[in-house]
Structure formats: structure tokens, C-alpha cells
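Asks: Structure in C-alpha cells, see below.
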Amino acid sequence: MNQSLLIYNTLSRKKEVFEPLNFPFVGMYVCGPTVYSDVHLGNCRTFVSFDLIYRYLLHLDYKVRYVRNITDAGHLEGDNDEGDDKFSKKARLEQLEPMEIVQRYTVGFHDVLRTFNTLPPSIEPTATGHISEQIEMVQDILEKGYAYEVNGTVYFDVEKYSKEFNYTILTNRNLEDMLNNTRELDGQDEKRGRLDFALWIKAKPEHIMRWPSPWGVGFPGWHIECSAMSSKYLGDQFDIHGGGMDLAATHHTNEIAQSQACNHVQPAKYWMHTNMLTVNGTRMSKSAGNGFLPHELFTGAHELLNKGYSPMSVRFFMLQAHYRSTLDFSNDALEAAERGFKRLMAAVALLPKLKASEVEDSKELPDLESRCYAAMNDDFNSPILIAELFDAVRIINSVYDGKISLNQSDLDALKQLVYNFVFDILGLKDDSIDESEDFENLIEFVIGLRNEAKINKDYATSDRIRKGLESMGIQLQDNKEATLWTKK
Ligand SMILES: [Zn+2]
């Protein structure tokens with residue numbers, strides 16, 4: 001295989017050949033969640049997309065350090081340095097410590113991502129664990145002349161910065177237009193320029209999360225945390241910086257400005273952004289009332305859903321769209337994805353049962369492998385990969401039905417190919433057994449046989465059934481009315 005990996009770089013607005021700064025090492029930073037509420041599906045899609053990217057880079061044998069932060073301080077309600085800190089507000093409303101909020105939703109976030117079978121990042125730093133690094137970086141930016149302090153708050157000086165550097169380099173927006181679309185400053189404002197943003201914010205007396213700093217007691221701005229933590233763990237310059245596309249215009253634009261002002265280099269070589277979710281064609285959002293949470297999607301407990309879908313069929317559904325395309329949730333699309341996923345898993349389950357024949361090499365297989373790699377090398381094009389894998393499904397089913405024959409080495413190659421792409425790269429696994437009605441019916445049927453054996457005083461058979469089920473993690477519990485079962 002001699003193909004290069006192409007990555008669409010938001011910075012250049014085109015696909016570029018991926019060349020890591022320090023081969024074979026790859027540094028990847030992805031903006032993590034703000035843990036003050038349940039993780040929403042848009043976030044899940046972003047993290048599933050970067051999981052695919054991470055898995056593929058690992059498969060290509062790169063030594064990847066994947067850093068994904070937890071924002072547990074500093075994210076204000078308005079992304080414009082206005083309003084209250086999201087944690088403090090929630091803590092006040094629920095009469096909890098802010099760290100209780102953080103703990104609860106961090107655990108929930110990890111649970112959901114584990115359900116989606118995402119690999120954990122190499123490092124998951126928290127904003128509150130890196131206050132001194134953030135203060136240091138703010139000091140550095142102040143010393144280099146790109147920030148100013150007013151009454152305990154430190155602002156980044158966008159006007160000064162944009163005289164020397166291209167502030168809108170990431171999104172290519174026109175600075176004049178941006179200024180015209182931003183609120184005029186009034187006498188109440190401490191900022192000098194309309195586009196200036198806070199690096200460090202003075203804490204009001206009622207603000208719970210607060211730290212001492214050279215500028216008085218306060219807390220860090222949201223953007224500085226990612227700049228400080230990415231440079232701490234990946235260096236001043238690293239390979240990939242990712243996140244949802246809604247972060248590009250402000251959060252990532254400001255990250256670039258901070259790092260450039262502080263370190264005199266662009267922080268990341270490749271900027272990657274995932275697209276958003278829609279529901280029946282409309283953008284999914286809490287305010288539009290068309291957003292559902294992951295567990296509602298799994299159980300089907302939402303008025304917009306006809307039924308629940310297993311986490312793996314949702315993962316498969318997400319991967320059926322390219323990460324840069326919008327992904328539209330509808331009952332029809334989810335049901336189609338579920339059917340496709342089951343068909344794929346059924347074929348994968350047939351693989352160990354296939355028998356080799358004494359035939360010449362099959363002509364279809366080498367081509368199939370290079371088509372799978374070509375899909376992934378074209379900016380991680382998972383929908384094309386899945387289409388290619390359905391060609392593998394066709395071959396598997398045809399071999400099983402005796403319509404085509406494969407020799408042993410082709411069969412081994414087919415197995416390896418399918419296992420690599422389905423399990424290791426797409427990160428799918430068969431989760432149907434636990435959920436399916438058939439499985440429950442089967443267990444009930446076996447319990448029925450055991451009860452019959454007991455009635456017939458055939459205790460050897462009834463014990464054998466109980467022990468057999470136990471070895472599969474199924475515990476039986478007899479009571480007067482019925483035999484109950486639980487699965488570990
Ligand atoms: Zn970030």
C-alpha cells in the first residue's frame with residue numbers, strides 16, 4: 001500500500017498530505033466538553049469522529065498522543081465574556097459545590113463515551129488543574145504587549161495583534177464585517193476594542209470558583225485553558241487541533257491568537273472541524289426543543305423517536321456520514337442504519353464458519369483492501385469505507401452460500417481486513433446479543449427446559465443448565481412464582 005493520508009485543513013481550506021512535524025509521533029488536541037450538563041449528541045458525534053481519526057492514526061502505526069481537555073471552569077454563559085460562569089450558576093441553582101457538578105457530569109460523559117466504544121485519550125487535563133500554567137501564559141502575553149489589564153481583568157488586544165498577524169486566519173472572515181457585527185462598546189465597558197476577549201476575569205464577590213493571581217482574585221477565560229494545556233502536553237507546535245465547527249470562529253480563532261502572541265508560532269499544523277447534527281433537517285438544539293440525549297436515543301424515550309437504538313447502531317449511523325457533512329437524525333435514517341449494521345455484523349459472525357477451497361488466488365481481495373485504505377486516506381471517509389465493507393459482506397455471504405470459493409490465504413486476508421476495519425478502525429462491536437428480544441426468548445426457553453427437568457427430578461440436567469448459563473454470565477434466581485435471570 002502506497003497511499004498518503006489526506007486531511008482537510010480548515011486553515012488552508014483544502015485537503016493536504018498529512019506530514020507529522022516529528023514522525024512517527026503525532027500530537028492531537030481536541031476541545032473536550034464543558035461538564036455542567038449532560039453531554040449532548042452533537043458532542044458525541046465530535047468525539048466519535050475524532051475517535052475514528054485516532055484509531056486510524058494508531059492503525060497506521062503513528063505514536064499518537066491524544067489530549068482532550070475537560071472544561072471545568074471559566075466557561076461563561078455568553079461566549080462573549082458576559083454572564084455567569086456555567087458551573088457556578090448550576091451549583092447555585094442545585095445547591096451543590098461546583099466540583100460536585102463537575103464530578104457528576106464528567107462521570108456521565110465518560111459513561112456515554114464508553115457506551116459508544118470510544119478509546120480514552122492519552123491525557124485528559126482539566127482547566128482547574130492547570131491554573132498556574134494559564135496565569136503564566138497570560139503573563140507572557142502581557143509582557144509581549146498583546147494584552148492589557150483593567151481593574152483585575154486581563155484582555156487580549158485584538159486590534160494590536162491584527163496589525164501584525166491575520167486574526168481571522170482560520171475562518172477567513174473579514175475583520176471589518178466582524179467589527180460591524182459586534183456590539184459597540186459603551187461607558188460600562190472595560191475593553192478597549194470590540195473584539196478584545198478576556199484572558200483572566202476578575203471574580204465578583206458571589207463567584208464561587210476563584211484563584212489568586214498577579215491581577216487579584218479571579219478565574220481564567222475559556223480560550224486560554226486550551227492554549228495553555230495543549231502547549232504543555234504537545235509543545236508550542238503540534239500536528240492536529242480539532243473540535244466542533246462551532247468552535248472555529250471564536251474559540252479556535254482566539255487560541256491561535258494567544259499561542260501566536262505568546263510563542264510566535266501557529267499552535268497546530270492541521271485544524272480539523274466536525275459538522276453539526278440536524279433532526280429532520282433542522283439544526284439540533286436545546287432551544288429548538290428537537291434535541292435528545294444519548295440515553296433517550298438508546299431507550300427511545302423521546303416524542304420524536306419511534307423506538308430505541310443500540311449505541312453501536314448509533315455509532316454506525318454516525319460513521320455513515322463524513323465528519324465534515326451534517327448528519328440528519330430521523331427515524332427512517334436510524335432504522336436504515338440499524339438494518340445495515342445488523343447485516344454487517346451478521347456477515348462478520350459468519351467469517352469463522354467459512355471454509356477454504358483449493359482454488360487459485362481470488363482477484364477481488366487485493367483490490368478491496370486498497371479501496372478500503374483509499375477511503376480512509378481520503379480525509380477519513382468512513383461512508384465510502386462502509387460502502388466498500390458491504391462489498392466484503394457480499395463476498396462473505398457468497399462464500400458461505402457456496403457461490404464463490406476462496407483459498408485459505410485469501411480467506412485469512414479477508415478476515416484480517418474485515419476485523420481491522422470493522423473493529424479496530426470503525427470501532428464497532430456486536431452489541432445486539434444483550435439487547436435483542438430473541439436473546440431474551442432464548443434464555444426463557446432454556447429456563448423452561450430446566451424447570452421441566454426439575455419437575456421430572458432430573459437434577460443432573462437442571463444443574464448442568466444452571467452452570468452452563470452461569471459460565472456465560474447469566475445468573476438464575478429461583479423464587480416461588482418464577483425463575484428470574486440477570487446478565488453480568
Ligand atoms: Zn478548546
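Following the order of the C-alpha cells, chains are lettered A, B, ..., residues in each are numbered from 1, and ligands are numbered from 1.
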Quick one: residues within 8 Å of ligand 1, with only C-alpha atoms and all ligand atoms, as JSON, numbers by chain?
Replies: {"A": [30, 31, 32, 69, 222, 223, 225, 226, 227, 243, 247, 251, 252, 255]}
Asks: Given the selection you just returned, output its residues as a file containing N, CA, C and O atoms, formatted as a tab-separated table (two decimals), in the first residue's frame.
Replies:
chain	number	residue	atom	x	y	z
A	30	VAL	N	-7.97	17.85	21.08
A	30	VAL	CA	-9.39	18.04	20.75
A	30	VAL	C	-10.07	18.73	21.93
A	30	VAL	O	-9.88	18.32	23.08
A	31	CYS	N	-10.82	19.80	21.63
A	31	CYS	CA	-11.51	20.51	22.71
A	31	CYS	C	-12.58	19.61	23.31
A	31	CYS	O	-13.46	19.11	22.60
A	32	GLY	N	-12.50	19.40	24.60
A	32	GLY	CA	-13.41	18.48	25.29
A	32	GLY	C	-14.68	19.19	25.75
A	32	GLY	O	-14.93	20.34	25.39
A	69	ASN	N	-9.32	17.89	26.63
A	69	ASN	CA	-9.47	18.51	27.94
A	69	ASN	C	-10.89	18.38	28.49
A	69	ASN	O	-11.82	18.06	27.78
A	222	TRP	N	-12.08	31.19	28.99
A	222	TRP	CA	-12.24	29.84	28.44
A	222	TRP	C	-11.14	29.51	27.43
A	222	TRP	O	-10.58	28.41	27.42
A	223	HIS	N	-10.79	30.49	26.58
A	223	HIS	CA	-9.89	30.17	25.47
A	223	HIS	C	-8.46	29.85	25.94
A	223	HIS	O	-7.78	29.03	25.34
A	225	GLU	N	-7.39	28.25	28.45
A	225	GLU	CA	-7.13	26.92	29.01
A	225	GLU	C	-6.60	25.97	27.92
A	225	GLU	O	-5.66	25.22	28.14
A	226	CYS	N	-7.21	26.04	26.73
A	226	CYS	CA	-6.78	25.10	25.68
A	226	CYS	C	-5.38	25.45	25.18
A	226	CYS	O	-4.59	24.55	24.90
A	227	SER	N	-5.08	26.75	25.09
A	227	SER	CA	-3.73	27.14	24.65
A	227	SER	C	-2.69	26.67	25.66
A	227	SER	O	-1.64	26.15	25.29
A	243	GLY	N	-12.09	19.97	16.85
A	243	GLY	CA	-13.27	20.32	17.65
A	243	GLY	C	-14.47	20.46	16.73
A	243	GLY	O	-14.36	20.29	15.51
A	247	LEU	N	-16.79	25.93	17.08
A	247	LEU	CA	-15.69	26.49	17.88
A	247	LEU	C	-14.71	27.31	17.04
A	247	LEU	O	-13.89	28.06	17.57
A	251	HIS	N	-13.56	30.46	19.58
A	251	HIS	CA	-12.66	29.75	20.50
A	251	HIS	C	-11.32	29.42	19.82
A	251	HIS	O	-10.25	29.75	20.35
A	252	HIS	N	-11.37	28.82	18.66
A	252	HIS	CA	-10.11	28.43	18.00
A	252	HIS	C	-9.38	29.62	17.41
A	252	HIS	O	-8.15	29.66	17.41
A	255	GLU	N	-7.61	30.96	20.30
A	255	GLU	CA	-6.49	30.08	20.68
A	255	GLU	C	-5.27	30.36	19.79
A	255	GLU	O	-4.14	30.43	20.28
Asks: Using 6 Å as the limit and counting only C-alpha atoms, can you tabulate each residue of range 90-149 of chain A that touches range 153-158 of chain A, with its shortest atom-to-atom distance in Å and the two atoms involved, as CSV?
Replies:
residue,atom,partner,partner_atom,distance
A:Tyr146,CA,A:Asp157,CA,5.3
A:Ala147,CA,A:Phe156,CA,4.3
A:Tyr148,CA,A:Tyr155,CA,5.5
A:Glu149,CA,A:Val154,CA,4.2
Asks: Residues at most 12 Å from Asn180 in chain A, counting only C-alpha atoms, excluding those fewer than 6 positions away in the same chain, as a count of residues only?
Replies: 3
Asks: Extract, using only C-alpha atoms, all DNA, RNA and protein residues at most 8 Å from range 412-418 of chain A, discarding same-chain residues fewer than 5 positions from it, and format them as a VMD selection string.
Replies: chain A and resid 348 351 365 369 389 392 423
Asks: Write the residues of the preceding selection, restricted to N, CA, C and O atoms, as a compact mmCIF listing (two decimals), in the first residue's frame.
Replies:
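New file result-v2.txt:
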# COMPACT_ATOMS: atom_id res chain seq x y z
N VAL A 348 -19.96 -10.56 9.57
CA VAL A 348 -18.73 -10.70 10.37
C VAL A 348 -18.81 -12.00 11.19
O VAL A 348 -17.82 -12.73 11.30
N LEU A 351 -17.71 -15.16 9.37
CA LEU A 351 -16.31 -15.33 8.96
C LEU A 351 -15.65 -16.59 9.52
O LEU A 351 -15.03 -17.34 8.76
N LEU A 365 -9.85 -9.65 -3.80
CA LEU A 365 -9.44 -9.21 -2.48
C LEU A 365 -8.38 -8.10 -2.41
O LEU A 365 -8.55 -7.15 -1.67
N GLU A 369 -8.91 -4.35 -0.37
CA GLU A 369 -8.10 -3.75 0.69
C GLU A 369 -7.64 -2.35 0.30
O GLU A 369 -7.73 -1.40 1.09
N LEU A 389 -16.97 -1.97 2.64
CA LEU A 389 -17.12 -3.12 3.52
C LEU A 389 -18.36 -3.95 3.17
O LEU A 389 -18.40 -5.15 3.40
N ALA A 392 -17.33 -6.48 1.00
CA ALA A 392 -16.82 -7.63 1.76
C ALA A 392 -17.98 -8.50 2.25
O ALA A 392 -17.91 -9.73 2.23
N PHE A 423 -13.62 -3.55 13.46
CA PHE A 423 -13.42 -3.46 14.91
C PHE A 423 -12.41 -2.39 15.29
O PHE A 423 -12.68 -1.53 16.12
Asks: Find the residues near Ala375 in chain A: any atom within 12 Å, counting only C-alpha atoms, skip ones fewer than 3 places away on the same chain, and give them as a list of chain:residue names.
Replies: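 Close residues of Ala375 in chain A: A:Gln3, A:Ser4, A:Leu5, A:Leu6, A:Ile7, A:Tyr56, A:His322, A:Leu368, A:Glu369, A:Ser370, A:Arg371, A:Cys372, A:Asp378, A:Asp379, A:Phe380, A:Asn381, A:Ser382, A:Pro383, A:Ile384, A:Leu385, A:Ile386, A:Ala387, A:Glu388, A:Leu389, A:Phe421.
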Asks: Would you mind exporting C-alpha atoms of the selected residues as an mmCIF file, in the first residue's frame?
Replies:
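Below is the file result-v9.cif, written as the result:
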data_model
loop_
_atom_site.group_PDB
_atom_site.id
_atom_site.type_symbol
_atom_site.label_atom_id
_atom_site.label_comp_id
_atom_site.auth_asym_id
_atom_site.auth_seq_id
_atom_site.Cartn_x
_atom_site.Cartn_y
_atom_site.Cartn_z
ATOM 1 C CA GLN A 3 -1.045 5.965 -0.470
ATOM 2 C CA SER A 4 -0.676 9.163 1.504
ATOM 3 C CA LEU A 5 -3.179 10.273 4.070
ATOM 4 C CA LEU A 6 -5.011 13.451 3.087
ATOM 5 C CA ILE A 7 -6.525 15.682 5.736
ATOM 6 C CA TYR A 56 -6.875 5.172 12.109
ATOM 7 C CA HIS A 322 -18.485 12.013 6.632
ATOM 8 C CA LEU A 368 -10.825 -4.460 -1.840
ATOM 9 C CA GLU A 369 -8.100 -3.755 0.692
ATOM 10 C CA SER A 370 -6.649 -0.863 -1.290
ATOM 11 C CA ARG A 371 -10.151 0.568 -1.793
ATOM 12 C CA CYS A 372 -10.705 0.487 1.994
ATOM 13 C CA ASP A 378 -9.153 10.492 1.696
ATOM 14 C CA ASP A 379 -9.783 12.588 4.825
ATOM 15 C CA PHE A 380 -11.139 9.657 6.865
ATOM 16 C CA ASN A 381 -14.040 8.986 4.526
ATOM 17 C CA SER A 382 -15.946 6.491 6.636
ATOM 18 C CA PRO A 383 -19.131 6.411 4.468
ATOM 19 C CA ILE A 384 -17.087 5.256 1.474
ATOM 20 C CA LEU A 385 -15.245 2.757 3.679
ATOM 21 C CA ILE A 386 -18.574 1.343 4.883
ATOM 22 C CA ALA A 387 -19.753 1.018 1.272
ATOM 23 C CA GLU A 388 -16.550 -0.925 0.488
ATOM 24 C CA LEU A 389 -17.121 -3.124 3.522
ATOM 25 C CA PHE A 421 -11.601 -2.065 9.518
#
Asks: Identify which of the residues A:Leu305, A:Val150, A:Met472, A:Val399 lies closest to Arg192 in chain A, counting only C-alpha atoms when measuring atom-to-atom distances.
Replies: A:Val150
Asks: Quick one: DSSP strand (DSSP E) residues in range 82-160 of chain A, as a VMD selection string?
Replies: chain A and resid 82 to 85 147 to 150 153 to 156
Asks: Counting only C-alpha atoms, which residues of range 20-49 of chain A sit at most 10 Å from some atom of range 257-273 of chain A, and what is each one's closest atom pair with its distance in Å to one decimal, listed by chain and rising residue number, as a tab-separated table?
Replies:
residue	atom	partner	partner_atom	distance
A:Pro20	CA	A:Lys269	CA	8.5
A:Leu21	CA	A:Lys269	CA	8.2
A:Gly27	CA	A:Ala268	CA	9.1
A:Met28	CA	A:Ala268	CA	8.8
A:Tyr29	CA	A:Ala268	CA	8.8
A:Val30	CA	A:Met272	CA	9.2
A:Thr46	CA	A:His273	CA	8.3
A:Ser49	CA	A:His273	CA	9.6
Asks: Kindly save the residues from that selection, with all heavy atoms included, as a compact mmCIF listing (two decimals), in the first residue's frame.
Replies:
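Heads up, here's the output in out_32.txt:
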# COMPACT_ATOMS: atom_id res chain seq x y z
N PRO A 20 3.45 14.55 9.66
CA PRO A 20 3.62 14.97 11.05
C PRO A 20 4.92 15.74 11.25
O PRO A 20 5.91 15.51 10.55
CB PRO A 20 3.60 13.66 11.83
CG PRO A 20 3.70 12.57 10.86
CD PRO A 20 3.39 13.09 9.50
N LEU A 21 4.90 16.65 12.22
CA LEU A 21 6.07 17.50 12.48
C LEU A 21 7.26 16.67 12.93
O LEU A 21 8.40 17.01 12.66
CB LEU A 21 5.73 18.52 13.58
CG LEU A 21 4.66 19.56 13.21
CD1 LEU A 21 4.09 20.20 14.48
CD2 LEU A 21 5.26 20.62 12.30
N GLY A 27 0.88 14.61 17.62
CA GLY A 27 0.20 15.26 18.74
C GLY A 27 -1.16 15.74 18.26
O GLY A 27 -1.26 16.42 17.25
N MET A 28 -2.20 15.33 19.00
CA MET A 28 -3.56 15.73 18.59
C MET A 28 -4.30 16.28 19.81
O MET A 28 -4.38 15.62 20.84
CB MET A 28 -4.32 14.53 18.01
CG MET A 28 -5.75 14.84 17.64
SD MET A 28 -6.49 13.59 16.55
CE MET A 28 -7.16 12.43 17.73
N TYR A 29 -4.83 17.49 19.66
CA TYR A 29 -5.59 18.11 20.75
C TYR A 29 -7.02 18.32 20.28
O TYR A 29 -7.26 18.89 19.21
CB TYR A 29 -4.98 19.48 21.11
CG TYR A 29 -5.59 20.10 22.34
CD1 TYR A 29 -5.04 19.89 23.61
CD2 TYR A 29 -6.73 20.89 22.25
CE1 TYR A 29 -5.63 20.45 24.74
CE2 TYR A 29 -7.31 21.45 23.37
CZ TYR A 29 -6.76 21.22 24.62
OH TYR A 29 -7.33 21.78 25.74
N VAL A 30 -7.97 17.85 21.08
CA VAL A 30 -9.39 18.04 20.75
C VAL A 30 -10.07 18.73 21.93
O VAL A 30 -9.88 18.32 23.08
CB VAL A 30 -10.07 16.69 20.45
CG1 VAL A 30 -11.58 16.87 20.25
CG2 VAL A 30 -9.46 16.05 19.21
N THR A 46 -18.84 14.61 17.62
CA THR A 46 -17.48 15.14 17.51
C THR A 46 -16.47 14.13 18.07
O THR A 46 -15.46 13.82 17.44
CB THR A 46 -17.36 16.47 18.28
OG1 THR A 46 -18.21 17.41 17.63
CG2 THR A 46 -15.95 17.01 18.28
N SER A 49 -16.14 11.05 15.96
CA SER A 49 -15.36 11.36 14.75
C SER A 49 -13.86 11.36 15.07
O SER A 49 -13.06 10.80 14.32
CB SER A 49 -15.74 12.73 14.19
OG SER A 49 -17.09 12.75 13.84
Asks: Here is a test: counting only C-alpha atoms, which residue of A:Leu52, A:Ala248, A:Leu304, A:Val393 is nearest to Leu350 in chain A?
Replies: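 Closest candidate: A:Val393.
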Asks: Would you give me, as a PyMOL selection string, the residues in range 145-315 of chain A that DSSP reads as helix (DSSP H, G or I)?
Replies: chain A and resi 158-164+175-180+222-234+245-263+294-299+311-315
Asks: So which residues touch Asp332 in chain A within 10 Å, counting only C-alpha atoms, skipping near sequence neighbours fewer than 4 positions away, as a PyMOL selection string?
Replies: chain A and resi 280+305-306+336-338
Asks: Output N, CA, C and O atoms of each residue in that selection to a file, as a compact mmCIF listing (two decimals), in the first residue's frame.
Replies:
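This is the output file part.txt:
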# COMPACT_ATOMS: atom_id res chain seq x y z
N ASN A 280 -34.49 15.86 11.43
CA ASN A 280 -35.46 16.07 10.34
C ASN A 280 -35.16 17.36 9.58
O ASN A 280 -36.05 18.13 9.24
N LEU A 305 -38.87 10.06 18.61
CA LEU A 305 -38.31 8.75 18.24
C LEU A 305 -39.38 7.67 18.26
O LEU A 305 -40.18 7.60 19.18
N ASN A 306 -39.37 6.81 17.24
CA ASN A 306 -40.30 5.69 17.20
C ASN A 306 -39.89 4.57 18.13
O ASN A 306 -40.72 3.81 18.62
N ALA A 336 -32.77 2.53 8.99
CA ALA A 336 -31.97 2.01 7.87
C ALA A 336 -30.55 1.68 8.35
O ALA A 336 -29.99 0.64 8.00
N ALA A 337 -29.99 2.55 9.19
CA ALA A 337 -28.65 2.31 9.72
C ALA A 337 -28.64 1.05 10.58
O ALA A 337 -27.72 0.23 10.50
N GLU A 338 -29.68 0.89 11.38
CA GLU A 338 -29.75 -0.29 12.24
C GLU A 338 -29.78 -1.57 11.40
O GLU A 338 -29.08 -2.55 11.70
Asks: When distances are computed from only C-alpha atoms, which of A:Tyr419, A:His207, A:Arg114, A:Leu428 shows the smallest separation from Phe317 in chain A?
Replies: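 Closest to Phe317 in chain A of all the choices is A:Leu428.
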Asks: Return the single residue from A:Ala228, A:Met209, A:Ala349, A:Met318 that is closest to Val138 in chain A, with distances computed using only C-alpha atoms.
Replies: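 Nearest to Val138 in chain A: A:Ala228.
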Asks: So which residues touch range 87-89 of chain A within 9 Å, counting only C-alpha atoms, skipping near sequence neighbours fewer than 3 positions away, as a compact mmCIF listing (two decimals) with N, CA, C and O atoms, in the first residue's frame?
Replies:
# COMPACT_ATOMS: atom_id res chain seq x y z
N THR A 34 -17.67 20.90 28.21
CA THR A 34 -17.84 21.73 29.40
C THR A 34 -18.82 20.96 30.28
O THR A 34 -19.97 20.75 29.91
N VAL A 35 -18.30 20.48 31.43
CA VAL A 35 -19.06 19.48 32.19
C VAL A 35 -20.00 20.11 33.23
O VAL A 35 -19.82 19.97 34.43
N TYR A 36 -21.03 20.78 32.71
CA TYR A 36 -22.02 21.36 33.64
C TYR A 36 -23.42 20.82 33.33
O TYR A 36 -24.39 21.18 33.96
N ASP A 72 -13.72 22.61 33.21
CA ASP A 72 -14.44 22.59 34.49
C ASP A 72 -14.36 23.94 35.20
O ASP A 72 -14.58 24.04 36.39
N ALA A 73 -14.00 24.97 34.45
CA ALA A 73 -14.01 26.34 34.99
C ALA A 73 -13.95 27.30 33.82
O ALA A 73 -13.51 26.93 32.73
N GLY A 74 -14.41 28.51 34.06
CA GLY A 74 -14.12 29.60 33.14
C GLY A 74 -15.02 29.73 31.93
O GLY A 74 -14.89 30.68 31.18
N HIS A 75 -15.94 28.78 31.71
CA HIS A 75 -16.80 28.91 30.52
C HIS A 75 -18.04 29.71 30.92
O HIS A 75 -18.88 29.24 31.66
N LEU A 76 -18.12 30.92 30.38
CA LEU A 76 -19.25 31.78 30.75
C LEU A 76 -20.46 31.47 29.89
O LEU A 76 -20.36 30.89 28.82
N ASP A 84 -22.73 34.68 33.64
CA ASP A 84 -22.18 33.98 34.79
C ASP A 84 -21.38 32.77 34.32
O ASP A 84 -21.53 32.30 33.21
N ARG A 92 -25.33 27.02 42.12
CA ARG A 92 -26.25 27.83 42.92
C ARG A 92 -27.67 27.30 42.79
O ARG A 92 -28.38 27.14 43.76
N LEU A 93 -28.07 26.99 41.56
CA LEU A 93 -29.43 26.52 41.31
C LEU A 93 -29.70 25.20 42.03
O LEU A 93 -30.78 24.97 42.56
N GLU A 94 -28.72 24.31 42.04
CA GLU A 94 -28.93 22.98 42.61
C GLU A 94 -28.38 22.85 44.02
O GLU A 94 -28.37 21.77 44.59
N GLU A 97 -21.81 22.06 45.43
CA GLU A 97 -20.48 22.61 45.16
C GLU A 97 -20.25 22.57 43.65
O GLU A 97 -20.63 21.58 43.01
N PRO A 98 -19.57 23.56 43.07
CA PRO A 98 -19.28 23.47 41.63
C PRO A 98 -18.57 22.16 41.28
O PRO A 98 -18.83 21.56 40.24
N MET A 99 -17.69 21.69 42.18
CA MET A 99 -16.96 20.45 41.87
C MET A 99 -17.87 19.22 41.90
O MET A 99 -17.54 18.20 41.31
N ILE A 101 -20.89 19.34 40.63
CA ILE A 101 -21.44 19.42 39.26
C ILE A 101 -20.43 18.81 38.28
O ILE A 101 -20.77 17.98 37.44
N VAL A 102 -19.18 19.25 38.43
CA VAL A 102 -18.11 18.79 37.53
C VAL A 102 -17.96 17.28 37.61
O VAL A 102 -17.90 16.59 36.59
N HIS A 207 -18.95 35.03 43.08
CA HIS A 207 -18.41 33.99 42.22
C HIS A 207 -17.68 32.94 43.06
O HIS A 207 -16.76 33.26 43.81
N ILE A 208 -18.08 31.67 42.92
CA ILE A 208 -17.55 30.64 43.83
C ILE A 208 -16.15 30.17 43.41
O ILE A 208 -15.28 29.97 44.25
N MET A 209 -15.95 29.96 42.10
CA MET A 209 -14.68 29.39 41.66
C MET A 209 -13.69 30.53 41.42
O MET A 209 -13.85 31.31 40.49
Asks: Rank A:Asp85, A:Asp410, A:Glu136, A:Asp328 by their smallest atom-to-atom distance to Gly42 in chain A, using only C-alpha atoms, and report the top residue only.
Replies: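 That would be A:Asp328, the residue with the smallest distance to Gly42 in chain A.
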Asks: For CA of Val112 in chain A and CA of Ala321 in chain A, determine how far apart the two atoms are, in Å to one decimal place.
Replies: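 According to the coordinates, CA of Val112 in chain A and CA of Ala321 in chain A are separated by 20.4 Å.
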Asks: Counting only C-alpha atoms, which of A:Leu426, A:Leu179, A:Asn441, A:Lys144 gets nearest to Glu159 in chain A?
Replies: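 That would be A:Leu179, the residue with the smallest distance to Glu159 in chain A.
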